[in-house]
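This is structure.cif (mmCIF, C-alpha atoms and all ligand atoms).
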```cif
data_data
loop_
_atom_site.group_PDB
_atom_site.id
_atom_site.type_symbol
_atom_site.label_atom_id
_atom_site.label_comp_id
_atom_site.auth_asym_id
_atom_site.auth_seq_id
_atom_site.Cartn_x
_atom_site.Cartn_y
_atom_site.Cartn_z
ATOM 1 C CA MET A 11 54.728 96.401 85.913
ATOM 2 C CA ALA A 12 54.911 100.160 85.746
ATOM 3 C CA CYS A 13 57.926 101.566 87.537
ATOM 4 C CA SER A 14 60.163 104.602 87.183
ATOM 5 C CA THR A 15 63.372 103.018 88.450
ATOM 6 C CA PHE A 16 64.792 102.985 84.954
ATOM 7 C CA SER A 17 63.618 106.414 83.949
ATOM 8 C CA ASP A 18 66.236 107.795 81.557
ATOM 9 C CA ARG A 19 68.724 105.058 82.381
ATOM 10 C CA ARG A 20 70.774 104.229 79.316
ATOM 11 C CA VAL A 21 70.624 100.510 78.555
ATOM 12 C CA LEU A 22 72.263 98.359 75.894
ATOM 13 C CA VAL A 23 70.507 94.986 75.404
ATOM 14 C CA THR A 24 72.014 92.259 73.219
ATOM 15 C CA GLY A 25 69.859 89.457 71.844
ATOM 16 C CA ALA A 26 66.955 91.917 71.860
ATOM 17 C CA SER A 27 65.218 90.572 68.730
ATOM 18 C CA SER A 28 63.560 87.648 70.534
ATOM 19 C CA GLY A 29 63.040 85.650 73.705
ATOM 20 C CA ILE A 30 64.540 86.786 76.994
ATOM 21 C CA GLY A 31 66.355 89.796 75.467
ATOM 22 C CA ARG A 32 63.164 91.032 73.881
ATOM 23 C CA ALA A 33 61.157 90.530 77.086
ATOM 24 C CA LEU A 34 63.845 92.350 79.074
ATOM 25 C CA ALA A 35 63.831 95.282 76.654
ATOM 26 C CA CYS A 36 60.034 95.518 77.048
ATOM 27 C CA GLU A 37 60.217 95.305 80.844
ATOM 28 C CA LEU A 38 62.885 98.027 80.979
ATOM 29 C CA ALA A 39 60.830 100.112 78.534
ATOM 30 C CA ARG A 40 57.937 100.060 81.006
ATOM 31 C CA GLY A 41 60.282 101.695 83.484
ATOM 32 C CA GLY A 42 61.117 104.472 81.011
ATOM 33 C CA ALA A 43 64.643 103.351 80.046
ATOM 34 C CA ARG A 44 66.546 104.608 77.045
ATOM 35 C CA LEU A 45 67.387 101.584 74.941
ATOM 36 C CA LEU A 46 69.932 100.454 72.392
ATOM 37 C CA LEU A 47 68.842 97.082 70.980
ATOM 38 C CA LEU A 48 71.348 94.777 69.319
ATOM 39 C CA ALA A 49 70.883 91.502 67.362
ATOM 40 C CA ARG A 50 71.274 90.344 63.759
ATOM 41 C CA ARG A 51 67.651 90.429 62.549
ATOM 42 C CA GLN A 52 66.894 94.073 61.769
ATOM 43 C CA GLU A 53 63.157 93.718 61.049
ATOM 44 C CA LEU A 54 62.518 92.035 64.382
ATOM 45 C CA LEU A 55 64.641 94.606 66.193
ATOM 46 C CA GLU A 56 62.554 97.389 64.694
ATOM 47 C CA THR A 57 59.337 95.672 65.771
ATOM 48 C CA VAL A 58 60.717 95.377 69.318
ATOM 49 C CA ALA A 59 61.781 99.044 69.202
ATOM 50 C CA THR A 60 58.241 100.115 68.277
ATOM 51 C CA GLU A 61 56.825 97.934 71.072
ATOM 52 C CA CYS A 62 59.274 99.432 73.566
ATOM 53 C CA THR A 63 58.417 102.985 72.529
ATOM 54 C CA THR A 64 54.719 102.226 73.030
ATOM 55 C CA LEU A 65 55.502 100.827 76.476
ATOM 56 C CA GLY A 66 57.328 103.975 77.599
ATOM 57 C CA ALA A 67 60.963 103.779 76.484
ATOM 58 C CA THR A 68 62.496 107.010 75.315
ATOM 59 C CA GLY A 69 64.663 107.295 72.199
ATOM 60 C CA VAL A 70 65.007 103.607 71.296
ATOM 61 C CA MET A 71 67.906 102.841 68.935
ATOM 62 C CA VAL A 72 68.545 99.609 67.046
ATOM 63 C CA LEU A 73 71.858 98.223 65.885
ATOM 64 C CA PRO A 74 71.609 95.192 63.591
ATOM 65 C CA GLY A 75 74.778 93.132 63.599
ATOM 66 C CA ASP A 76 76.654 90.043 64.656
ATOM 67 C CA LEU A 77 78.169 90.351 68.117
ATOM 68 C CA THR A 78 81.129 88.202 67.142
ATOM 69 C CA ASP A 79 82.164 91.015 64.810
ATOM 70 C CA ARG A 80 84.341 93.295 66.948
ATOM 71 C CA ALA A 81 83.375 96.276 64.779
ATOM 72 C CA VAL A 82 79.712 95.775 65.750
ATOM 73 C CA CYS A 83 80.563 95.812 69.479
ATOM 74 C CA GLN A 84 82.699 98.902 68.926
ATOM 75 C CA GLN A 85 79.828 100.578 67.067
ATOM 76 C CA ALA A 86 77.410 99.807 69.915
ATOM 77 C CA VAL A 87 79.687 101.429 72.472
ATOM 78 C CA GLU A 88 80.339 104.428 70.215
ATOM 79 C CA LEU A 89 76.582 104.912 69.748
ATOM 80 C CA ALA A 90 76.093 104.948 73.522
ATOM 81 C CA GLN A 91 78.970 107.418 73.854
ATOM 82 C CA THR A 92 77.913 109.816 71.087
ATOM 83 C CA ARG A 93 74.109 109.712 71.583
ATOM 84 C CA TRP A 94 73.956 109.278 75.339
ATOM 85 C CA ALA A 95 77.377 110.291 76.652
ATOM 86 C CA GLY A 96 77.400 107.207 78.868
ATOM 87 C CA LEU A 97 75.891 103.832 79.705
ATOM 88 C CA ASP A 98 74.164 102.777 82.927
ATOM 89 C CA LEU A 99 73.303 99.172 82.222
ATOM 90 C CA LEU A 100 74.683 96.522 79.866
ATOM 91 C CA VAL A 101 72.507 93.435 79.392
ATOM 92 C CA HIS A 102 74.020 90.416 77.638
ATOM 93 C CA ALA A 103 71.122 88.207 76.502
ATOM 94 C CA ALA A 104 72.350 86.933 73.115
ATOM 95 C CA GLY A 105 73.134 83.242 73.035
ATOM 96 C CA ILE A 106 73.100 80.079 70.932
ATOM 97 C CA SER A 107 73.367 76.336 71.494
ATOM 98 C CA ALA A 108 73.751 72.916 69.842
ATOM 99 C CA HIS A 109 72.583 69.416 70.747
ATOM 100 C CA GLY A 110 74.640 66.278 70.332
ATOM 101 C CA ARG A 111 77.307 64.127 71.963
ATOM 102 C CA PHE A 112 80.897 65.363 72.100
ATOM 103 C CA ASP A 113 82.138 62.379 70.083
ATOM 104 C CA VAL A 114 79.892 63.177 67.114
ATOM 105 C CA SER A 115 80.300 66.935 67.309
ATOM 106 C CA ASP A 116 83.066 69.065 65.863
ATOM 107 C CA GLU A 117 85.390 71.926 66.643
ATOM 108 C CA VAL A 118 83.520 74.427 64.456
ATOM 109 C CA THR A 119 80.405 74.021 66.619
ATOM 110 C CA LEU A 120 82.369 74.444 69.843
ATOM 111 C CA ARG A 121 84.218 77.511 68.587
ATOM 112 C CA ARG A 122 81.061 79.219 67.291
ATOM 113 C CA ILE A 123 79.235 78.701 70.587
ATOM 114 C CA MET A 124 82.220 79.953 72.583
ATOM 115 C CA GLU A 125 82.501 82.972 70.256
ATOM 116 C CA VAL A 126 78.864 84.039 70.723
ATOM 117 C CA ASN A 127 78.225 82.979 74.336
ATOM 118 C CA PHE A 128 81.594 83.852 75.820
ATOM 119 C CA PHE A 129 84.181 85.774 73.756
ATOM 120 C CA ALA A 130 81.693 88.287 72.303
ATOM 121 C CA VAL A 131 80.344 88.920 75.814
ATOM 122 C CA VAL A 132 83.847 89.467 77.174
ATOM 123 C CA ASN A 133 84.788 91.725 74.276
ATOM 124 C CA LEU A 134 81.679 93.915 74.528
ATOM 125 C CA THR A 135 82.109 94.183 78.294
ATOM 126 C CA ARG A 136 85.726 95.280 77.879
ATOM 127 C CA LEU A 137 84.709 97.976 75.394
ATOM 128 C CA ALA A 138 81.790 99.190 77.542
ATOM 129 C CA LEU A 139 83.649 99.341 80.871
ATOM 130 C CA PRO A 140 84.913 102.934 80.495
ATOM 131 C CA LEU A 141 81.318 104.108 79.944
ATOM 132 C CA LEU A 142 79.992 102.075 82.872
ATOM 133 C CA ARG A 143 82.745 103.473 85.111
ATOM 134 C CA SER A 144 81.749 107.018 84.212
ATOM 135 C CA VAL A 145 78.339 106.705 85.929
ATOM 136 C CA PRO A 146 77.690 106.410 89.683
ATOM 137 C CA LYS A 147 76.121 102.920 89.663
ATOM 138 C CA GLY A 148 76.827 101.044 86.462
ATOM 139 C CA GLN A 149 75.478 97.507 86.165
ATOM 140 C CA ILE A 150 76.152 94.507 83.965
ATOM 141 C CA VAL A 151 73.687 91.646 83.548
ATOM 142 C CA PHE A 152 74.741 88.291 82.128
ATOM 143 C CA ILE A 153 72.120 85.784 81.048
ATOM 144 C CA GLY A 154 73.842 82.539 81.961
ATOM 145 C CA SER A 155 72.038 79.246 82.440
ATOM 146 C CA ILE A 156 71.393 76.468 84.909
ATOM 147 C CA LEU A 157 73.748 74.583 82.587
ATOM 148 C CA GLY A 158 76.483 76.936 83.757
ATOM 149 C CA HIS A 159 76.147 75.220 87.158
ATOM 150 C CA CYS A 160 75.568 71.608 86.212
ATOM 151 C CA GLY A 161 77.046 69.672 83.297
ATOM 152 C CA VAL A 162 74.489 67.671 81.318
ATOM 153 C CA PRO A 163 74.991 65.259 78.418
ATOM 154 C CA TRP A 164 74.325 66.159 74.775
ATOM 155 C CA ASN A 165 74.890 69.862 75.328
ATOM 156 C CA ASN A 166 78.633 69.949 75.999
ATOM 157 C CA GLU A 167 79.579 73.068 73.979
ATOM 158 C CA TYR A 168 76.801 75.134 75.528
ATOM 159 C CA VAL A 169 77.604 73.880 79.032
ATOM 160 C CA ALA A 170 81.263 74.831 78.507
ATOM 161 C CA SER A 171 80.325 78.337 77.359
ATOM 162 C CA LYS A 172 77.992 78.963 80.303
ATOM 163 C CA PHE A 173 80.447 77.575 82.887
ATOM 164 C CA ALA A 174 83.085 79.893 81.397
ATOM 165 C CA LEU A 175 80.691 82.815 81.594
ATOM 166 C CA ARG A 176 79.813 82.083 85.216
ATOM 167 C CA GLY A 177 83.438 81.768 86.351
ATOM 168 C CA TRP A 178 84.568 84.820 84.449
ATOM 169 C CA SER A 179 81.640 86.933 85.668
ATOM 170 C CA GLN A 180 82.458 85.989 89.295
ATOM 171 C CA SER A 181 86.034 87.202 88.834
ATOM 172 C CA LEU A 182 84.822 90.339 87.130
ATOM 173 C CA ARG A 183 82.334 91.044 89.936
ATOM 174 C CA SER A 184 85.079 90.964 92.518
ATOM 175 C CA GLU A 185 87.349 93.194 90.422
ATOM 176 C CA LEU A 186 84.593 95.754 89.787
ATOM 177 C CA HIS A 187 83.369 95.765 93.390
ATOM 178 C CA GLY A 188 85.492 98.776 94.353
ATOM 179 C CA GLN A 189 84.542 100.654 91.203
ATOM 180 C CA GLY A 190 80.814 100.850 91.901
ATOM 181 C CA ILE A 191 79.797 98.542 89.052
ATOM 182 C CA GLY A 192 77.384 95.743 89.938
ATOM 183 C CA VAL A 193 77.353 92.357 88.206
ATOM 184 C CA LEU A 194 74.224 90.192 88.081
ATOM 185 C CA LEU A 195 74.259 86.626 86.780
ATOM 186 C CA VAL A 196 70.843 85.280 85.785
ATOM 187 C CA SER A 197 70.699 81.491 85.432
ATOM 188 C CA PRO A 198 67.407 80.457 83.842
ATOM 189 C CA GLY A 199 66.322 76.895 83.239
ATOM 190 C CA THR A 200 64.101 75.955 80.317
ATOM 191 C CA THR A 201 62.397 79.065 78.986
ATOM 192 C CA HIS A 202 59.827 79.131 76.173
ATOM 193 C CA THR A 203 61.609 81.059 73.444
ATOM 194 C CA GLU A 204 62.871 80.455 69.895
ATOM 195 C CA PHE A 205 66.151 79.231 71.389
ATOM 196 C CA PHE A 206 65.700 75.562 70.475
ATOM 197 C CA ASP A 207 64.644 76.455 66.896
ATOM 198 C CA HIS A 208 68.022 78.108 66.334
ATOM 199 C CA LEU A 209 70.358 75.304 67.403
ATOM 200 C CA ILE A 210 73.458 75.502 65.207
ATOM 201 C CA ALA A 211 73.808 71.702 65.237
ATOM 202 C CA ARG A 212 71.218 69.036 65.982
ATOM 203 C CA ARG A 213 72.834 65.632 66.309
ATOM 204 C CA GLY A 214 70.284 64.172 68.704
ATOM 205 C CA THR A 215 67.432 65.168 71.014
ATOM 206 C CA VAL A 216 67.837 65.998 74.675
ATOM 207 C CA PRO A 217 65.226 64.921 77.230
ATOM 208 C CA TRP A 218 64.845 68.299 78.987
ATOM 209 C CA ASN A 219 63.537 69.921 75.786
ATOM 210 C CA ALA A 220 60.118 68.570 76.677
ATOM 211 C CA GLN A 221 60.395 69.887 80.243
ATOM 212 C CA PRO A 222 57.890 72.465 81.381
ATOM 213 C CA GLY A 223 59.586 75.825 81.354
ATOM 214 C CA ILE A 224 58.711 79.404 82.133
ATOM 215 C CA SER A 225 57.984 82.395 79.931
ATOM 216 C CA PRO A 226 60.650 84.899 78.893
ATOM 217 C CA GLU A 227 58.445 87.563 80.498
ATOM 218 C CA ALA A 228 58.739 85.805 83.870
ATOM 219 C CA VAL A 229 62.538 85.698 83.501
ATOM 220 C CA ALA A 230 62.522 89.391 82.535
ATOM 221 C CA ARG A 231 60.375 90.452 85.506
ATOM 222 C CA GLN A 232 62.630 88.614 87.965
ATOM 223 C CA THR A 233 65.740 90.014 86.296
ATOM 224 C CA VAL A 234 64.508 93.600 86.446
ATOM 225 C CA ARG A 235 63.608 93.157 90.120
ATOM 226 C CA ALA A 236 67.105 91.781 90.748
ATOM 227 C CA ILE A 237 68.702 94.752 88.950
ATOM 228 C CA GLU A 238 66.691 97.147 91.125
ATOM 229 C CA ARG A 239 67.816 95.312 94.260
ATOM 230 C CA HIS A 240 71.447 95.066 93.125
ATOM 231 C CA ARG A 241 71.420 91.278 93.477
ATOM 232 C CA ARG A 242 74.429 89.186 92.442
ATOM 233 C CA GLU A 243 72.716 86.068 91.213
ATOM 234 C CA ILE A 244 69.233 84.714 90.529
ATOM 235 C CA PHE A 245 67.727 81.418 89.361
ATOM 236 C CA PRO A 246 64.361 82.188 87.758
ATOM 237 C CA ASN A 247 63.006 78.588 87.532
ATOM 238 C CA TRP A 248 62.407 76.428 90.593
ATOM 239 C CA ARG A 249 63.407 73.251 88.699
ATOM 240 C CA GLY A 250 66.734 74.874 87.906
ATOM 241 C CA ARG A 251 67.208 75.939 91.532
ATOM 242 C CA LEU A 252 66.471 72.377 92.606
ATOM 243 C CA LEU A 253 69.063 70.924 90.221
ATOM 244 C CA VAL A 254 71.768 73.349 91.410
ATOM 245 C CA TRP A 255 70.899 72.617 95.040
ATOM 246 C CA ALA A 256 70.951 68.848 94.436
ATOM 247 C CA SER A 257 74.302 69.002 92.642
ATOM 248 C CA ARG A 258 75.745 70.843 95.669
ATOM 249 C CA VAL A 259 74.333 68.634 98.418
ATOM 250 C CA SER A 260 74.491 65.341 96.562
ATOM 251 C CA PRO A 261 76.937 65.589 93.662
ATOM 252 C CA GLY A 262 77.287 61.806 93.415
ATOM 253 C CA LEU A 263 73.559 61.288 92.967
ATOM 254 C CA VAL A 264 73.313 63.982 90.285
ATOM 255 C CA ALA A 265 76.387 62.586 88.480
ATOM 256 C CA TRP A 266 74.752 59.135 88.517
ATOM 257 C CA TRP A 267 71.511 60.553 87.095
ATOM 258 C CA MET A 268 73.381 62.507 84.391
ATOM 259 C CA GLY A 269 75.273 59.345 83.509
ATOM 260 C CA LYS A 270 71.985 57.514 83.052
ATOM 261 C CA LEU A 271 70.700 60.305 80.806
ATOM 262 C CA GLY A 272 73.941 60.270 78.825
ATOM 263 C CA GLU A 273 73.820 56.488 78.320
ATOM 264 C CA HIS A 274 70.171 55.696 77.865
ATOM 265 C CA GLY A 275 67.961 58.729 78.268
ATOM 266 C CA VAL A 276 68.227 60.035 74.719
ATOM 267 C CA LYS A 277 67.825 58.524 71.298
ATOM 268 C CA ARG A 278 69.905 59.445 68.299
ATOM 269 C CA LYS A 279 67.841 60.847 65.436
HETATM 270 N N1 LIG B 1 65.519 79.359 76.296
HETATM 271 C C1 LIG B 1 66.072 78.687 77.294
HETATM 272 O O1 LIG B 1 65.590 77.604 77.697
HETATM 273 C C2 LIG B 1 67.274 79.263 78.006
HETATM 274 C C3 LIG B 1 67.623 78.682 79.243
HETATM 275 C C4 LIG B 1 68.729 79.195 79.919
HETATM 276 C C5 LIG B 1 69.435 80.250 79.388
HETATM 277 N N2 LIG B 1 69.072 80.786 78.171
HETATM 278 C C6 LIG B 1 69.888 81.895 77.675
HETATM 279 O O2 LIG B 1 69.059 83.018 77.457
HETATM 280 C C7 LIG B 1 69.650 83.856 76.468
HETATM 281 C C8 LIG B 1 68.570 84.266 75.479
HETATM 282 O O3 LIG B 1 68.098 83.121 74.794
HETATM 283 P P1 LIG B 1 66.570 82.961 74.420
HETATM 284 O O4 LIG B 1 66.059 81.773 75.134
HETATM 285 O O5 LIG B 1 65.861 84.247 74.573
HETATM 286 O O6 LIG B 1 66.690 82.529 72.879
HETATM 287 P P2 LIG B 1 66.363 83.324 71.518
HETATM 288 O O7 LIG B 1 64.936 83.720 71.499
HETATM 289 O O8 LIG B 1 66.868 82.446 70.436
HETATM 290 O O9 LIG B 1 67.247 84.632 71.653
HETATM 291 C C9 LIG B 1 68.605 84.657 71.364
HETATM 292 C C10 LIG B 1 68.980 86.062 70.955
HETATM 293 O O10 LIG B 1 70.378 86.103 70.674
HETATM 294 C C11 LIG B 1 70.574 86.785 69.445
HETATM 295 N N3 LIG B 1 71.819 86.327 68.837
HETATM 296 C C12 LIG B 1 72.215 85.046 68.612
HETATM 297 N N4 LIG B 1 73.411 85.023 68.027
HETATM 298 C C13 LIG B 1 73.785 86.319 67.864
HETATM 299 C C14 LIG B 1 74.931 86.948 67.314
HETATM 300 N N5 LIG B 1 75.939 86.242 66.775
HETATM 301 N N6 LIG B 1 74.983 88.302 67.312
HETATM 302 C C15 LIG B 1 73.974 89.023 67.819
HETATM 303 N N7 LIG B 1 72.884 88.489 68.378
HETATM 304 C C16 LIG B 1 72.777 87.153 68.385
HETATM 305 C C17 LIG B 1 69.338 86.433 68.623
HETATM 306 O O11 LIG B 1 69.070 87.416 67.649
HETATM 307 P P3 LIG B 1 69.367 87.316 66.078
HETATM 308 O O12 LIG B 1 69.077 85.915 65.650
HETATM 309 O O13 LIG B 1 68.429 88.336 65.510
HETATM 310 O O14 LIG B 1 70.801 87.701 65.953
HETATM 311 C C18 LIG B 1 68.261 86.520 69.692
HETATM 312 O O15 LIG B 1 67.850 87.849 69.859
HETATM 313 C C19 LIG B 1 70.795 83.058 75.853
HETATM 314 O O16 LIG B 1 72.020 83.523 76.379
HETATM 315 C C20 LIG B 1 70.541 81.640 76.325
HETATM 316 O O17 LIG B 1 71.750 80.923 76.462
HETATM 317 C C21 LIG B 1 68.006 80.321 77.485
#
```
Please render this file's structure as C-alpha cells.
Amino acid sequence: MACSTFSDRRVLVTGASSGIGRALACELARGGARLLLLARRQELLETVATECTTLGATGVMVLPGDLTDRAVCQQAVELAQTRWAGLDLLVHAAGISAHGRFDVSDEVTLRRIMEVNFFAVVNLTRLALPLLRSVPKGQIVFIGSILGHCGVPWNNEYVASKFALRGWSQSLRSELHGQGIGVLLVSPGTTHTEFFDHLIARRGTVPWNAQPGISPEAVARQTVRAIERHRREIFPNWRGRLLVWASRVSPGLVAWWMGKLGEHGVKRK
C-alpha cells in the first residue's frame, strides 16, 4: 500500500523488532513516516530499520531497551523531543504472555505480564502526552487483544493485562477527547507471529494455539487504515469479532463453553 498520509509524521513504535510491531513499522514506512523503533533485540531492530528505510521511511531511529525500565521510556520521549521536536503517533505493540492455570502459576508471572503489557504502556503514555498535545492531531494506538474482551482459561495473567489495558484506554480516550488526541484500540485474535515462542511460562497448552490466525501484515494494514480514519476500535480477525459478539449477546453460552475448555479442553504437559 503506497500512501502519503504519514509523510513526515513522527511515530514511536514499541515491540518493533518482530510480529505486529514490525509489520506496523513497515506499513507506516510505506507512507513516509519518520520512525523511532523500540524493543530489546538491537540486531532485529536494525534489520527492521533498514527495511523501513527501503520502504520509504525517513530518518529511522532505533532504541534498544526494556520498556519496563522507566529510563528507557524516558529516553524514547527525549529522543522524539530532541530529534523531532514532537510526536504525532505513539504505537504500543510490545507484549508478552504465559500459558497455564491460575492455581499452578505464580505471582512473578502475573507481575511481569502486568509490567510489560500494562504498567509500561501507561508509563510511556504519561511521558509522551506533552509531546502528543503539542501537535494538532496526536494519536495513540494500543494493541490489545480479543482476550481483553473475553476471559479464557489457561491465559489468566494475559487476559487480566489486556482487560486492564482496554478499560484504562477507554478512560483515557474520554479524557483526551477535548485535547485533540485520538485513541485507537486494536484487538487482534490469533496472529502468526513469534508471540507463542516467547511465552514467559508454559504450564500447559491452550486449544486456540492451533486456531487459524491472520498475518501480522493484515493486522498492520487494518490498523493503519483505522489510524487514517480516526477510528476508536477495530477487531482485525473475524473469529475474534464473532467471540466478542457472542459474549455480548449470549454471555451464558460463552461462559459454559469456556468452562468446558477450562475443565476438559486442554491437557497438562
Ligand atoms: N500473536 C497473537 O496471536 C496476538 C493476538 C492478540 C494480540 N497480540 C498482541 O500483539 C502485540 C504484539 O505481539 P506479536 O504477536 O507481534 O508478538 P511478538 O512477535 O512476540 O512481538 C512482541 C514484541 O514485543 C517486544 N517486547 C516484549 N517485551 C518487551 C519489553 N519488556 N520491552 C520492550 N519490548 C518488548 C518484543 O521485542 P524484544 O523481544 O526484541 O524486546 C517484540 O518486538 C502484543 O501486545 C500482543 O499481546 C498478539
Exercise for the section: Can you give me, as JSON, numbers by chain, the residues this file yields under the PyMOL selection byres (((chain A and resi 31-43) around 10) and not hetatm)? Expected result: {"A": [11, 12, 13, 14, 15, 16, 17, 18, 19, 20, 21, 22, 23, 24, 25, 26, 27, 28, 29, 30, 44, 45, 46, 47, 48, 49, 54, 55, 58, 59, 61, 62, 63, 64, 65, 66, 67, 68, 69, 70, 98, 99, 101, 102, 103, 104, 105, 153, 225, 226, 227, 228, 229, 230, 231, 232, 233, 234]}
Problem - Output of the PyMOL selection byres (((chain A and resi 143) around 10) and not hetatm), listed as number ranges by chain - result: A: 96-98, 138-142, 144-149, 186, 189-191
Exercise for the section: Can you give me, as a list in words, the residues this file yields under the PyMOL selection byres (((chain A and resi 108-121) around 7) and not hetatm)? Expected result: Ser107, Arg122, Ile123, Met124, Glu125, Pro163, Trp164, Asn165, Asn166, Glu167, Tyr168, Leu209, Ile210, Ala211, Arg212, Arg213, Gly214 and Thr215 of chain A
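Minimum distance to A:Gly269 across A:Ile156, A:Thr135, A:Gly161, A:Leu182 (counting only C-alpha atoms) occurs at A:Gly161.
The two atoms in question, atom CA of A:Asp207 and atom CA of A:Asn247, are spaced 20.8 Å apart.
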Problem - Residues within 12 Å of A:Glu243, all atoms listed in the file, excluding chain neighbours under 6 positions, as a VMD selection string - result: chain A and resid 150 to 156 176 179 to 180 183 192 to 198 232 to 233 235 to 237 251
Problem - Given only C-alpha atoms and all ligand atoms as the counted atoms, nearest of A:Val216, A:Val82, A:Met71, A:Ala256 to ligand LIG 1 (chain B) - result: A:Val82
Please write out, as AutoDock Vina command-line options, where the centre of an axis-aligned box around all listed atoms of stretch 246-260 of chain A lies and how long its edges are, in Å to one decimal, after adding 5 Å on each side.
```
--center_x 69.1 --center_y 73.8 --center_z 93.0 --size_x 23.3 --size_y 26.8 --size_z 20.9
```
Problem - Of the listed residues A:Val131, A:Leu253, A:Ile106, A:Ala86, that which approaches ligand LIG 1 (chain B) most closely, counting only C-alpha atoms and all ligand atoms - result: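 Between A:Val131, A:Leu253, A:Ile106, A:Ala86, the residue approaching ligand LIG 1 (chain B) most closely is A:Ile106.
The shortest atom-to-atom distance to ligand LIG 1 (chain B), with all atoms listed in the file taken into account, belongs to A:Gly199 out of A:Gly188, A:Pro74, A:Gly158, A:Gly199.
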Handout entry: Contact residues around A:Thr78 with only C-alpha atoms at 6 Å, ignoring same-chain residues under 2 positions, as a list in words
Key =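 What passes the distance filter is Asp76, Val126 and Ala130 of chain A.
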Could you write out that same residue set with C-alpha atoms as a PDB file, keeping the file's coordinate frame?
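File result.pdb, as written:
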```
ATOM      1  CA  ASP A  76      76.654  90.043  64.656  1.00  0.00           C
ATOM      2  CA  VAL A 126      78.864  84.039  70.723  1.00  0.00           C
ATOM      3  CA  ALA A 130      81.693  88.287  72.303  1.00  0.00           C
TER       4      ALA A 130
END
```
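The space separating atom CA of A:Leu134 from atom N7 of ligand LIG 1 (chain B) comes to 12.0 Å.
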Practice task
For atom CA of A:Gln52 and atom CA of A:Val72, quote the distance in Å rounded to one decimal.
Solution key: 7.8 Å
Problem - Selected residue, from A:Asn127, A:Ser184, A:Ser260, A:Gln84, that lies nearest to ligand LIG 1 (chain B) when counting only C-alpha atoms and all ligand atoms - result: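 Closest candidate: A:Asn127.
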Practice task
Check the smallest atom-to-atom distance from each of A:Phe205, A:Phe129, A:Leu137, A:Leu271 to ligand LIG 1 (chain B) using all atoms listed in the file, then report the winner.
Solution key: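 Going through A:Phe205, A:Phe129, A:Leu137, A:Leu271 one by one, the smallest distance to ligand LIG 1 (chain B) is for A:Phe205.
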Residue rebuild result stretch 16-20 of chain A, all heavy atoms as an mmCIF file, in the frame of the given file:
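Listing of selection-v7.cif after writing:
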```cif
data_model
loop_
_atom_site.group_PDB
_atom_site.id
_atom_site.type_symbol
_atom_site.label_atom_id
_atom_site.label_comp_id
_atom_site.auth_asym_id
_atom_site.auth_seq_id
_atom_site.Cartn_x
_atom_site.Cartn_y
_atom_site.Cartn_z
ATOM 1 N N PHE A 16 63.888 102.943 86.092
ATOM 2 C CA PHE A 16 64.792 102.985 84.954
ATOM 3 C C PHE A 16 64.638 104.260 84.145
ATOM 4 O O PHE A 16 65.193 104.368 83.060
ATOM 5 C CB PHE A 16 64.597 101.743 84.083
ATOM 6 C CG PHE A 16 65.011 100.497 84.815
ATOM 7 C CD1 PHE A 16 64.088 99.744 85.516
ATOM 8 C CD2 PHE A 16 66.344 100.121 84.868
ATOM 9 C CE1 PHE A 16 64.483 98.629 86.229
ATOM 10 C CE2 PHE A 16 66.750 99.014 85.584
ATOM 11 C CZ PHE A 16 65.818 98.263 86.270
ATOM 12 N N SER A 17 63.883 105.197 84.673
ATOM 13 C CA SER A 17 63.618 106.414 83.949
ATOM 14 C C SER A 17 64.922 107.060 83.502
ATOM 15 O O SER A 17 65.788 107.375 84.319
ATOM 16 C CB SER A 17 62.831 107.355 84.857
ATOM 17 O OG SER A 17 62.472 108.465 84.115
ATOM 18 N N ASP A 18 65.068 107.163 82.192
ATOM 19 C CA ASP A 18 66.236 107.795 81.557
ATOM 20 C C ASP A 18 67.532 107.025 81.720
ATOM 21 O O ASP A 18 68.585 107.509 81.319
ATOM 22 C CB ASP A 18 66.411 109.244 82.045
ATOM 23 C CG ASP A 18 65.389 110.146 81.406
ATOM 24 O OD1 ASP A 18 64.946 109.827 80.291
ATOM 25 O OD2 ASP A 18 65.001 111.140 82.040
ATOM 26 N N ARG A 19 67.482 105.847 82.321
ATOM 27 C CA ARG A 19 68.724 105.058 82.381
ATOM 28 C C ARG A 19 69.054 104.543 80.981
ATOM 29 O O ARG A 19 68.174 104.146 80.226
ATOM 30 C CB ARG A 19 68.592 103.893 83.369
ATOM 31 C CG ARG A 19 68.645 104.382 84.802
ATOM 32 C CD ARG A 19 68.788 103.248 85.769
ATOM 33 N NE ARG A 19 70.159 102.756 85.822
ATOM 34 C CZ ARG A 19 70.523 101.630 86.451
ATOM 35 N NH1 ARG A 19 69.628 100.899 87.050
ATOM 36 N NH2 ARG A 19 71.774 101.253 86.481
ATOM 37 N N ARG A 20 70.327 104.584 80.667
ATOM 38 C CA ARG A 20 70.774 104.229 79.316
ATOM 39 C C ARG A 20 71.182 102.755 79.298
ATOM 40 O O ARG A 20 72.119 102.373 80.002
ATOM 41 C CB ARG A 20 71.948 105.137 78.922
ATOM 42 C CG ARG A 20 71.540 106.610 78.880
ATOM 43 C CD ARG A 20 72.698 107.524 79.139
ATOM 44 N NE ARG A 20 73.216 107.397 80.505
ATOM 45 C CZ ARG A 20 74.182 108.162 81.011
ATOM 46 N NH1 ARG A 20 74.713 109.120 80.280
ATOM 47 N NH2 ARG A 20 74.611 107.964 82.241
#
```
